[in-house]
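First up is the structure itself, then whatever we jot down about it.
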Amino acid sequence: MSLYAKNSRYVRHASIVEVTDEQGRKVKRVGRAKQPPLAELGEHIRREGQRLDHLANYYLRDPSAYWKICELNDVLLPDQLAEVELIKIPTPY
């Protein structure tokens, strides 16, 4: 059983790394997912009430791919795009 869903960015693009925690113990953690750069499909003018998972479902056919929209728009959290009117949309792949 995998810790991540099969369509998660961490399945193919992340690695397990060993780090030392604050107490000096060696622990394993998942490194940042380093995936190939996303190509831009175009831009979407956001209307009130539109959520990123809705846009991801419409453009990418996967509501859980909202993180790809975040990544292309250079934000870490979806809430950082809450007030952005023009949102870049990645190509689906």
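FYI, nothing fancy with the structure tokens labels: chains A, B, ... in order, residues from 1 per chain, ligands from 1 as they appear.
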
task: Tell me, as a ChimeraX atom specification, which residues lie within 7 Å of Ile69 in chain A, counting only C-alpha atoms; anything in the same chain fewer than 5 positions away does not count.
output: /A:88-90

Would you mind exporting the chosen residues as an mmCIF file, in the first residue's frame, restricted to N, CA and C atoms?
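Produced file part_15.cif, reproduced below:
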```cif
data_model
loop_
_atom_site.group_PDB
_atom_site.id
_atom_site.type_symbol
_atom_site.label_atom_id
_atom_site.label_comp_id
_atom_site.auth_asym_id
_atom_site.auth_seq_id
_atom_site.Cartn_x
_atom_site.Cartn_y
_atom_site.Cartn_z
ATOM 1 N N LYS A 88 -2.790 31.309 -14.678
ATOM 2 C CA LYS A 88 -2.172 30.501 -15.731
ATOM 3 C C LYS A 88 -2.628 29.055 -15.567
ATOM 4 N N ILE A 89 -2.924 28.415 -16.686
ATOM 5 C CA ILE A 89 -3.383 27.025 -16.689
ATOM 6 C C ILE A 89 -2.348 26.166 -17.411
ATOM 7 N N PRO A 90 -1.900 25.070 -16.774
ATOM 8 C CA PRO A 90 -0.923 24.196 -17.430
ATOM 9 C C PRO A 90 -1.584 23.264 -18.445
#
```

So that I can check the secondary structure, give me every residue of chain A assigned strand (DSSP E or B) by backbone DSSP, as a PDB file with C-alpha atoms, in the first residue's frame.
```pdb
ATOM      1  CA  ILE A  16      13.088   9.664   0.269  1.00  0.00           C
ATOM      2  CA  VAL A  17      15.922  11.534   1.993  1.00  0.00           C
ATOM      3  CA  GLU A  18      17.541  11.037   5.374  1.00  0.00           C
ATOM      4  CA  VAL A  19      17.892  14.102   7.608  1.00  0.00           C
ATOM      5  CA  THR A  20      18.853  14.807  11.203  1.00  0.00           C
ATOM      6  CA  LYS A  26      18.400  10.303  11.739  1.00  0.00           C
ATOM      7  CA  VAL A  27      14.922  10.269  10.196  1.00  0.00           C
ATOM      8  CA  LYS A  28      13.605   9.741   6.689  1.00  0.00           C
ATOM      9  CA  ARG A  29      11.335  12.208   4.963  1.00  0.00           C
ATOM     10  CA  VAL A  30       9.925  12.777   1.525  1.00  0.00           C
ATOM     11  CA  GLU A  40       1.250  26.766 -20.186  1.00  0.00           C
ATOM     12  CA  LEU A  41      -2.025  26.033 -21.959  1.00  0.00           C
ATOM     13  CA  GLY A  42      -3.310  29.572 -21.498  1.00  0.00           C
ATOM     14  CA  GLU A  43      -4.840  31.861 -18.912  1.00  0.00           C
ATOM     15  CA  HIS A  44      -8.179  31.727 -17.159  1.00  0.00           C
ATOM     16  CA  ILE A  45     -10.087  34.784 -15.941  1.00  0.00           C
ATOM     17  CA  LEU A  86      -5.875  35.925 -14.132  1.00  0.00           C
ATOM     18  CA  ILE A  87      -4.630  32.379 -13.520  1.00  0.00           C
ATOM     19  CA  LYS A  88      -2.172  30.501 -15.731  1.00  0.00           C
ATOM     20  CA  ILE A  89      -3.383  27.025 -16.689  1.00  0.00           C
ATOM     21  CA  PRO A  90      -0.923  24.196 -17.430  1.00  0.00           C
TER      22      PRO A  90
END
```

- prompt: When DSSP works through the backbone of this structure, what residues of chain A end up as helix (DSSP H, G or I), shown as a ChimeraX atom specification?
  reply: /A:9-13,52-60,63-72,78-81

Next, dump the selected residues to file, keeping only N, CA and C atoms, as an mmCIF file, in the first residue's frame.
```cif
data_model
loop_
_atom_site.group_PDB
_atom_site.id
_atom_site.type_symbol
_atom_site.label_atom_id
_atom_site.label_comp_id
_atom_site.auth_asym_id
_atom_site.auth_seq_id
_atom_site.Cartn_x
_atom_site.Cartn_y
_atom_site.Cartn_z
ATOM 1 N N ARG A 9 1.990 13.743 -7.295
ATOM 2 C CA ARG A 9 3.286 14.174 -7.823
ATOM 3 C C ARG A 9 4.441 13.506 -7.083
ATOM 4 N N TYR A 10 4.177 13.026 -5.876
ATOM 5 C CA TYR A 10 5.233 12.416 -5.075
ATOM 6 C C TYR A 10 5.547 10.986 -5.495
ATOM 7 N N VAL A 11 4.667 10.347 -6.231
ATOM 8 C CA VAL A 11 4.892 8.963 -6.643
ATOM 9 C C VAL A 11 6.066 8.868 -7.614
ATOM 10 N N ARG A 12 6.120 9.759 -8.592
ATOM 11 C CA ARG A 12 7.160 9.680 -9.621
ATOM 12 C C ARG A 12 8.291 10.684 -9.456
ATOM 13 N N HIS A 13 8.024 11.814 -8.787
ATOM 14 C CA HIS A 13 8.996 12.906 -8.817
ATOM 15 C C HIS A 13 9.657 13.233 -7.486
ATOM 16 N N LEU A 52 -9.920 26.193 -7.308
ATOM 17 C CA LEU A 52 -8.868 25.578 -8.115
ATOM 18 C C LEU A 52 -9.165 24.132 -8.470
ATOM 19 N N ASP A 53 -9.811 23.397 -7.575
ATOM 20 C CA ASP A 53 -10.128 22.010 -7.921
ATOM 21 C C ASP A 53 -11.141 21.946 -9.056
ATOM 22 N N HIS A 54 -12.028 22.941 -9.141
ATOM 23 C CA HIS A 54 -12.976 23.001 -10.262
ATOM 24 C C HIS A 54 -12.239 23.300 -11.567
ATOM 25 N N LEU A 55 -11.297 24.254 -11.508
ATOM 26 C CA LEU A 55 -10.523 24.589 -12.708
ATOM 27 C C LEU A 55 -9.656 23.404 -13.136
ATOM 28 N N ALA A 56 -9.065 22.716 -12.169
ATOM 29 C CA ALA A 56 -8.241 21.549 -12.485
ATOM 30 C C ALA A 56 -9.086 20.449 -13.126
ATOM 31 N N ASN A 57 -10.284 20.262 -12.635
ATOM 32 C CA ASN A 57 -11.168 19.256 -13.218
ATOM 33 C C ASN A 57 -11.559 19.640 -14.645
ATOM 34 N N TYR A 58 -11.849 20.912 -14.860
ATOM 35 C CA TYR A 58 -12.276 21.376 -16.183
ATOM 36 C C TYR A 58 -11.131 21.292 -17.205
ATOM 37 N N TYR A 59 -9.970 21.833 -16.857
ATOM 38 C CA TYR A 59 -8.862 21.908 -17.810
ATOM 39 C C TYR A 59 -7.981 20.657 -17.832
ATOM 40 N N LEU A 60 -7.793 20.032 -16.679
ATOM 41 C CA LEU A 60 -6.847 18.924 -16.580
ATOM 42 C C LEU A 60 -7.529 17.571 -16.411
ATOM 43 N N PRO A 63 -9.525 16.778 -10.597
ATOM 44 C CA PRO A 63 -9.658 17.811 -9.565
ATOM 45 C C PRO A 63 -8.508 17.816 -8.561
ATOM 46 N N SER A 64 -7.832 16.687 -8.402
ATOM 47 C CA SER A 64 -6.712 16.654 -7.456
ATOM 48 C C SER A 64 -5.433 17.251 -8.047
ATOM 49 N N ALA A 65 -5.466 17.675 -9.296
ATOM 50 C CA ALA A 65 -4.295 18.275 -9.949
ATOM 51 C C ALA A 65 -4.245 19.792 -9.769
ATOM 52 N N TYR A 66 -5.007 20.309 -8.805
ATOM 53 C CA TYR A 66 -4.992 21.753 -8.537
ATOM 54 C C TYR A 66 -3.572 22.234 -8.229
ATOM 55 N N TRP A 67 -2.741 21.360 -7.672
ATOM 56 C CA TRP A 67 -1.367 21.728 -7.326
ATOM 57 C C TRP A 67 -0.558 22.103 -8.564
ATOM 58 N N LYS A 68 -0.922 21.557 -9.734
ATOM 59 C CA LYS A 68 -0.215 21.919 -10.966
ATOM 60 C C LYS A 68 -0.484 23.377 -11.316
ATOM 61 N N ILE A 69 -1.711 23.824 -11.067
ATOM 62 C CA ILE A 69 -2.051 25.231 -11.294
ATOM 63 C C ILE A 69 -1.258 26.103 -10.326
ATOM 64 N N CYS A 70 -1.183 25.677 -9.079
ATOM 65 C CA CYS A 70 -0.388 26.420 -8.084
ATOM 66 C C CYS A 70 1.068 26.507 -8.522
ATOM 67 N N GLU A 71 1.622 25.390 -8.934
ATOM 68 C CA GLU A 71 3.035 25.346 -9.323
ATOM 69 C C GLU A 71 3.318 26.277 -10.499
ATOM 70 N N LEU A 72 2.470 26.251 -11.515
ATOM 71 C CA LEU A 72 2.683 27.110 -12.681
ATOM 72 C C LEU A 72 2.563 28.584 -12.315
ATOM 73 N N PRO A 78 -2.965 26.890 -2.323
ATOM 74 C CA PRO A 78 -4.085 27.330 -3.161
ATOM 75 C C PRO A 78 -4.682 28.668 -2.716
ATOM 76 N N ASP A 79 -4.700 28.926 -1.415
ATOM 77 C CA ASP A 79 -5.270 30.182 -0.915
ATOM 78 C C ASP A 79 -4.527 31.408 -1.427
ATOM 79 N N GLN A 80 -3.284 31.239 -1.830
ATOM 80 C CA GLN A 80 -2.515 32.361 -2.350
ATOM 81 C C GLN A 80 -3.051 32.835 -3.699
ATOM 82 N N LEU A 81 -3.867 32.034 -4.345
ATOM 83 C CA LEU A 81 -4.474 32.428 -5.622
ATOM 84 C C LEU A 81 -5.915 32.902 -5.452
#
```
